[in-house]
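What follows is upload_17.cif (mmCIF, C-alpha atoms).
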data_my_file
#
loop_
_atom_site.label_atom_id
_atom_site.label_comp_id
_atom_site.auth_asym_id
_atom_site.auth_seq_id
_atom_site.Cartn_x
_atom_site.Cartn_y
_atom_site.Cartn_z
CA MET A 380 -3.60 164.96 79.29
CA LYS A 381 -5.38 161.93 77.79
CA ASP A 382 -8.55 164.01 77.25
CA LYS A 383 -6.50 166.66 75.46
CA LYS A 384 -4.85 164.06 73.18
CA HIS A 385 -8.23 162.48 72.49
CA GLY A 386 -9.64 165.92 71.67
CA ASN A 387 -6.78 166.68 69.29
CA ARG A 388 -7.24 163.33 67.55
CA THR A 389 -10.98 163.96 67.19
CA GLU A 390 -10.32 167.41 65.74
CA LYS A 391 -7.86 166.00 63.20
CA ILE A 392 -10.31 163.29 62.13
CA ALA A 393 -13.03 165.92 61.75
CA ALA A 394 -10.69 168.06 59.64
CA VAL A 395 -9.89 165.10 57.35
CA VAL A 396 -13.60 164.30 56.94
CA PHE A 397 -14.29 167.95 56.11
CA ALA A 398 -11.51 167.95 53.49
CA LEU A 399 -12.89 164.76 51.92
CA VAL A 400 -16.39 166.26 51.75
CA ILE A 401 -15.04 169.40 50.03
CA TRP A 402 -13.05 167.19 47.64
CA HIS A 403 -16.15 165.12 46.81
CA ILE A 404 -18.29 168.22 46.23
CA ALA A 405 -15.62 169.74 43.96
CA ALA A 406 -15.38 166.51 41.93
CA VAL A 407 -19.17 166.36 41.53
CA ILE A 408 -19.35 170.01 40.44
CA ILE A 409 -16.50 169.65 37.92
CA ASN A 410 -17.97 166.36 36.70
CA ASN A 411 -14.90 165.46 34.66
CA SER A 412 -12.87 162.40 35.68
CA LEU A 413 -9.88 163.61 33.70
CA LEU A 414 -9.58 166.68 35.93
CA LEU A 415 -10.73 165.40 39.33
CA VAL A 416 -12.20 162.13 40.57
CA THR A 417 -14.10 161.53 43.78
CA PRO A 418 -12.42 160.21 46.96
CA LEU A 419 -14.37 156.96 46.56
CA THR A 420 -12.88 156.43 43.09
CA VAL A 421 -9.39 157.02 44.48
CA ALA A 422 -10.06 154.62 47.35
CA LYS A 423 -11.19 151.90 44.92
CA ARG A 424 -8.16 152.43 42.70
CA LEU A 425 -5.86 152.38 45.73
CA PHE A 426 -7.40 149.07 46.84
CA TYR A 427 -6.64 147.48 43.46
CA LEU A 428 -3.14 148.99 43.37
CA CYS A 429 -2.27 147.30 46.67
CA PHE A 430 -2.81 143.90 45.05
CA GLU A 431 -0.77 144.56 41.93
CA LYS A 432 2.47 142.57 41.80
CA ASP A 433 4.78 145.58 41.45
CA PHE A 434 3.10 147.76 44.12
CA LEU A 435 5.38 146.80 47.02
CA LYS A 436 8.39 146.84 44.71
CA ALA A 437 7.70 150.45 43.70
CA VAL A 438 7.07 151.55 47.29
CA SER A 439 10.21 149.83 48.60
CA PHE A 440 12.31 151.20 45.71
CA SER A 441 11.39 154.80 46.52
CA PHE A 442 11.35 154.27 50.30
CA ILE A 443 14.89 152.89 50.47
CA ARG A 444 16.36 155.66 48.34
CA ILE A 445 14.52 158.63 49.84
CA VAL A 446 15.06 157.46 53.42
CA SER A 447 18.74 156.80 52.64
CA GLY A 448 19.07 160.38 51.39
CA PHE A 449 17.36 161.69 54.52
CA LEU A 450 19.52 159.67 56.93
CA LEU A 451 22.70 160.60 55.06
CA ALA A 452 21.75 164.29 55.30
CA LEU A 453 20.92 163.91 58.99
CA VAL A 454 24.37 162.50 59.77
CA THR A 455 26.26 164.86 57.44
CA GLY A 456 24.35 167.95 58.59
CA SER A 457 24.93 167.09 62.25
CA VAL A 458 28.68 166.55 61.74
CA LEU A 459 29.04 169.78 59.75
CA ALA A 460 27.07 171.70 62.40
CA VAL A 461 29.37 170.40 65.15
CA ILE A 462 32.44 171.44 63.15
CA ALA A 463 30.93 174.86 62.34
CA GLY A 464 29.94 175.36 65.96
CA ARG A 465 33.48 174.58 67.08
CA PHE A 466 35.37 176.49 64.37
CA ARG A 467 33.97 179.79 63.11
CA ILE A 468 36.07 179.61 59.95
CA ALA A 469 34.23 176.41 59.02
CA GLN A 470 30.88 178.14 59.51
CA ILE A 471 31.98 180.99 57.24
CA MET A 472 33.26 178.63 54.55
CA LEU A 473 30.09 176.52 54.60
CA TRP A 474 27.73 179.52 54.49
CA PRO A 475 27.64 180.04 50.67
CA PHE A 476 27.01 176.33 50.03
CA ILE A 477 24.12 176.17 52.51
CA VAL A 478 22.58 179.37 51.13
CA ALA A 479 22.91 178.09 47.56
CA ILE A 480 21.24 174.77 48.39
CA LYS A 481 18.36 176.56 50.16
CA SER A 482 17.88 179.10 47.35
CA VAL A 483 18.25 177.09 44.13
CA PRO A 484 14.95 175.53 42.91
CA VAL A 485 14.83 171.78 43.39
CA VAL A 486 14.05 171.22 39.71
CA SER A 487 17.36 172.88 38.76
CA PHE A 488 19.24 170.43 40.98
CA ILE A 489 17.29 167.52 39.52
CA ILE A 490 18.08 168.43 35.91
CA LEU A 491 21.72 169.18 36.74
CA CYS A 492 22.17 165.97 38.70
CA LEU A 493 20.75 163.90 35.84
CA ILE A 494 23.98 164.76 34.02
CA TRP A 495 26.11 163.34 36.86
CA LEU A 496 24.02 160.48 38.26
CA ASN A 497 21.91 157.66 36.89
CA ALA A 498 18.16 158.00 37.39
CA GLY A 499 18.05 155.18 39.96
CA ASN A 500 20.17 157.10 42.49
CA LEU A 501 18.85 160.57 41.72
CA SER A 502 16.25 160.60 44.51
CA ILE A 503 18.93 159.77 47.11
CA PHE A 504 21.01 162.81 46.23
CA ILE A 505 18.04 165.18 45.85
CA ALA A 506 16.55 164.13 49.21
CA PHE A 507 20.02 164.57 50.73
CA LEU A 508 20.38 168.09 49.31
CA MET A 509 16.96 169.25 50.48
CA VAL A 510 17.37 167.93 54.02
CA LEU A 511 21.00 168.94 54.59
CA PRO A 512 20.51 172.72 55.12
CA ILE A 513 17.55 172.16 57.46
CA VAL A 514 19.48 169.77 59.70
CA TYR A 515 22.66 171.87 59.56
CA THR A 516 20.87 175.14 60.39
CA ASN A 517 18.84 173.69 63.27
CA MET A 518 21.77 171.83 64.78
CA LEU A 519 24.07 174.85 64.51
CA GLN A 520 21.47 177.06 66.16
CA GLY A 521 21.10 174.55 68.98
CA ILE A 522 24.86 174.32 69.52
CA GLN A 523 25.28 178.10 69.49
CA SER A 524 22.45 178.58 71.99
CA THR A 525 24.01 176.21 74.53
CA ASP A 526 24.55 177.96 77.87
CA SER A 527 28.15 179.20 77.83
CA LYS A 528 28.24 179.35 81.64
CA LEU A 529 27.48 175.63 81.85
CA LEU A 530 30.29 174.93 79.41
CA GLU A 531 32.70 177.11 81.41
CA MET A 532 31.75 175.30 84.60
CA ALA A 533 32.23 171.93 82.90
CA SER A 534 35.69 172.97 81.70
CA LEU A 535 36.57 174.31 85.17
CA PHE A 536 35.75 170.96 86.78
CA HIS A 537 37.36 168.98 83.93
CA VAL A 538 34.11 167.26 82.96
CA SER A 539 34.72 164.62 80.28
CA TRP A 540 33.55 165.15 76.71
CA LEU A 541 31.02 162.32 76.96
CA LYS A 542 29.43 163.79 80.09
CA LYS A 543 29.25 167.23 78.49
CA LEU A 544 27.55 165.64 75.49
CA LYS A 545 25.04 163.79 77.69
CA TYR A 546 24.23 166.43 80.29
CA ILE A 547 24.72 169.70 78.39
CA TYR A 548 24.56 169.30 74.62
CA LEU A 549 21.95 166.56 74.12
CA PRO A 550 19.26 168.14 76.34
CA GLN A 551 19.85 171.41 74.48
CA LEU A 552 19.84 169.85 71.01
CA LYS A 553 16.90 167.48 71.55
CA SER A 554 14.17 169.90 70.47
CA TYR A 555 16.26 171.18 67.54
CA ILE A 556 16.92 167.68 66.19
CA ILE A 557 13.28 166.62 66.51
CA SER A 558 12.11 169.85 64.85
CA ALA A 559 14.59 169.45 61.98
CA CYS A 560 13.52 165.84 61.36
CA SER A 561 9.82 166.69 61.58
CA VAL A 562 10.17 169.36 58.89
CA SER A 563 12.67 167.60 56.63
CA ILE A 564 11.10 164.12 56.36
CA GLY A 565 8.09 165.41 54.42
CA LEU A 566 10.35 167.62 52.31
CA SER A 567 12.61 164.68 51.47
CA TRP A 568 9.61 162.76 50.09
CA LYS A 569 8.41 165.75 48.07
CA ALA A 570 11.83 166.33 46.55
CA GLY A 571 12.62 162.63 46.12
CA THR A 572 9.41 161.79 44.27
CA ALA A 573 9.79 164.94 42.13
CA ALA A 574 13.24 163.68 41.14
CA GLU A 575 11.76 160.30 40.24
CA VAL A 576 9.02 161.87 38.10
CA ILE A 577 11.67 163.74 36.08
CA GLY A 578 14.32 160.98 36.05
CA ILE A 579 11.73 158.18 35.65
CA PRO A 580 13.77 155.32 37.19
CA GLU A 581 12.20 151.97 36.42
CA GLY A 582 10.15 150.46 39.24
CA SER A 583 9.73 153.66 41.29
CA ILE A 584 6.69 155.58 42.54
CA GLY A 585 7.81 158.46 40.34
CA GLU A 586 7.50 156.22 37.28
CA LYS A 587 3.94 155.31 38.32
CA LEU A 588 3.06 159.00 38.66
CA TYR A 589 4.54 159.72 35.24
CA GLN A 590 2.57 156.88 33.65
CA ALA A 591 -0.62 158.18 35.28
CA LYS A 592 0.08 161.57 33.72
CA ILE A 593 0.71 160.06 30.25
CA TYR A 594 -2.53 158.06 30.31
CA PHE A 595 -4.54 160.92 31.92
CA SER A 596 -5.45 158.66 34.84
CA SER A 597 -6.43 161.02 37.65
CA GLY A 598 -7.46 158.06 39.80
CA ASP A 599 -4.01 156.47 39.64
CA LEU A 600 -2.30 159.83 40.12
CA LEU A 601 -4.24 160.61 43.28
CA ALA A 602 -4.01 157.02 44.54
CA TRP A 603 -0.22 157.05 44.30
CA THR A 604 -0.21 160.49 45.92
CA VAL A 605 -2.13 159.03 48.85
CA VAL A 606 0.47 156.24 49.06
CA ILE A 607 3.29 158.82 49.21
CA ILE A 608 1.50 160.78 51.95
CA ALA A 609 0.74 157.65 53.97
CA VAL A 610 4.29 156.26 53.78
CA SER A 611 5.80 159.67 54.55
CA ILE A 612 3.60 160.20 57.61
CA ALA A 613 4.15 156.65 58.85
CA PHE A 614 7.93 156.97 58.57
CA GLU A 615 7.87 160.39 60.25
CA LYS A 616 5.84 159.11 63.20
CA LEU A 617 8.01 156.01 63.66
CA PHE A 618 11.30 157.89 63.28
CA LEU A 619 10.32 160.65 65.71
CA LEU A 620 9.12 158.00 68.17
CA PHE A 621 12.50 156.29 67.82
CA LEU A 622 14.31 159.58 68.42
CA ARG A 623 12.31 160.43 71.53
CA HIS A 624 12.78 156.91 72.90
CA SER A 625 16.54 157.12 72.22
CA PHE A 626 16.79 160.45 74.06
CA GLN A 627 14.87 159.00 77.02
CA ARG A 628 17.21 156.01 77.18
CA LEU A 629 20.27 158.27 77.10
CA GLU A 630 18.83 160.42 79.88
CA ARG A 631 18.31 157.32 82.07
CA MET A 632 21.83 155.97 81.50
#
Show me, as structure tokens, the structure contained in the file I just sent.
Amino acid sequence: MKDKKHGNRTEKIAAVVFALVIWHIAAVIINNSLLLVTPLTVAKRLFYLCFEKDFLKAVSFSFIRIVSGFLLALVTGSVLAVIAGRFRIAQIMLWPFIVAIKSVPVVSFIILCLIWLNAGNLSIFIAFLMVLPIVYTNMLQGIQSTDSKLLEMASLFHVSWLKKLKYIYLPQLKSYIISACSVSIGLSWKAGTAAEVIGIPEGSIGEKLYQAKIYFSSGDLLAWTVVIIAVSIAFEKLFLLFLRHSFQRLERM
């Protein structure tokens, strides 16, 4: 198992190195810093950005809002899925809203929401909207695929609701919850930063991306993009680790 994990890690590192080499070759061939800079230029710019006084402020501004939108969608989507799984009428009534959210382009929501919300809170709502249907759909599928015979047996022996949740529902929903979070965390950052670029709230990563675009600074644009990717991946790894650890603790209780 350890050899397999080590092999996977080595393969991923090799893939990243290959991508950086292709990036560098493309930048050299284009030979225009306005269009594409080399990875080394981005690394240097990222190093200097980390020491700027408003770097952590911008990262924390966006992090708090986008993660808040994700967590709010996780809770809301789970509650709605439980209600829809229990009452079919609720599932039918929620269907058009979920389909609409999944189908409407994110930029349409961003522009529309700018009318209702101030720019500072826009990324919260947009991240919430993009994550909600993913969590709801996965959770509902997990609930509906629960073994009906196990539920009948639990009802026959008057098993308490908490025990049914622990021994029947949670083991069934574990993979669905982890899958939903794995997919939606990255999407929440994509949608949230897109909302910030359009809304331009002061002190956000989106504002930094917009300024890089105005001043034609490809180095800053790519450096901030690397920051978004790094923070998104770090949060995803830590949150999924927390989820798995929480499930393990519940199973041992």
Centre and size of axis-aligned box enclosing range 454-469 of chain A plus 6 Å each side, as lines of an AutoDock Vina configuration file:
center_x = 30.2
center_y = 171.1
center_z = 62.3
size_x = 23.7
size_y = 29.3
size_z = 21.6
Figure out the distance between CA of Val454 in chain A and CA of Gly571 in chain A, please, to one decimal in Å. 18.0 Å
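Using only C-alpha atoms, the smallest distance between any of A:Leu549, A:Ile612, A:Leu511, A:Ala573 and Gln627 in chain A comes from A:Leu549.
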Enumerate, as an mmCIF file with C-alpha atoms, in the coordinates of the input, the residues matched when the PyMOL selection byres ((chain A and resi 424-428) around 12) is run on the file above.
data_model
loop_
_atom_site.group_PDB
_atom_site.id
_atom_site.type_symbol
_atom_site.label_atom_id
_atom_site.label_comp_id
_atom_site.auth_asym_id
_atom_site.auth_seq_id
_atom_site.Cartn_x
_atom_site.Cartn_y
_atom_site.Cartn_z
ATOM 1 C CA VAL A 416 -12.200 162.130 40.570
ATOM 2 C CA THR A 417 -14.100 161.530 43.780
ATOM 3 C CA PRO A 418 -12.420 160.210 46.960
ATOM 4 C CA LEU A 419 -14.370 156.960 46.560
ATOM 5 C CA THR A 420 -12.880 156.430 43.090
ATOM 6 C CA VAL A 421 -9.390 157.020 44.480
ATOM 7 C CA ALA A 422 -10.060 154.620 47.350
ATOM 8 C CA LYS A 423 -11.190 151.900 44.920
ATOM 9 C CA CYS A 429 -2.270 147.300 46.670
ATOM 10 C CA PHE A 430 -2.810 143.900 45.050
ATOM 11 C CA GLU A 431 -0.770 144.560 41.930
ATOM 12 C CA LYS A 432 2.470 142.570 41.800
ATOM 13 C CA ASP A 433 4.780 145.580 41.450
ATOM 14 C CA PHE A 434 3.100 147.760 44.120
ATOM 15 C CA LEU A 435 5.380 146.800 47.020
ATOM 16 C CA LYS A 436 8.390 146.840 44.710
ATOM 17 C CA ALA A 437 7.700 150.450 43.700
ATOM 18 C CA VAL A 438 7.070 151.550 47.290
ATOM 19 C CA ILE A 584 6.690 155.580 42.540
ATOM 20 C CA LYS A 587 3.940 155.310 38.320
ATOM 21 C CA SER A 596 -5.450 158.660 34.840
ATOM 22 C CA SER A 597 -6.430 161.020 37.650
ATOM 23 C CA GLY A 598 -7.460 158.060 39.800
ATOM 24 C CA ASP A 599 -4.010 156.470 39.640
ATOM 25 C CA LEU A 600 -2.300 159.830 40.120
ATOM 26 C CA LEU A 601 -4.240 160.610 43.280
ATOM 27 C CA ALA A 602 -4.010 157.020 44.540
ATOM 28 C CA TRP A 603 -0.220 157.050 44.300
ATOM 29 C CA THR A 604 -0.210 160.490 45.920
ATOM 30 C CA VAL A 605 -2.130 159.030 48.850
ATOM 31 C CA VAL A 606 0.470 156.240 49.060
ATOM 32 C CA ILE A 607 3.290 158.820 49.210
ATOM 33 C CA ALA A 609 0.740 157.650 53.970
#
Take CA of Leu413 in chain A and CA of Val576 in chain A and report the distance between them in Å, one decimal. 19.5 Å
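The set of residues that the PyMOL selection byres ((chain A and resi 497-508) around 6) takes from this file is Arg444, Ile445, Gly448, Phe449, Ala452, Leu496, Met509, Val510, Leu511, Ser567, Ala570, Gly571, Ala574, Gly578 and Pro580 of chain A.
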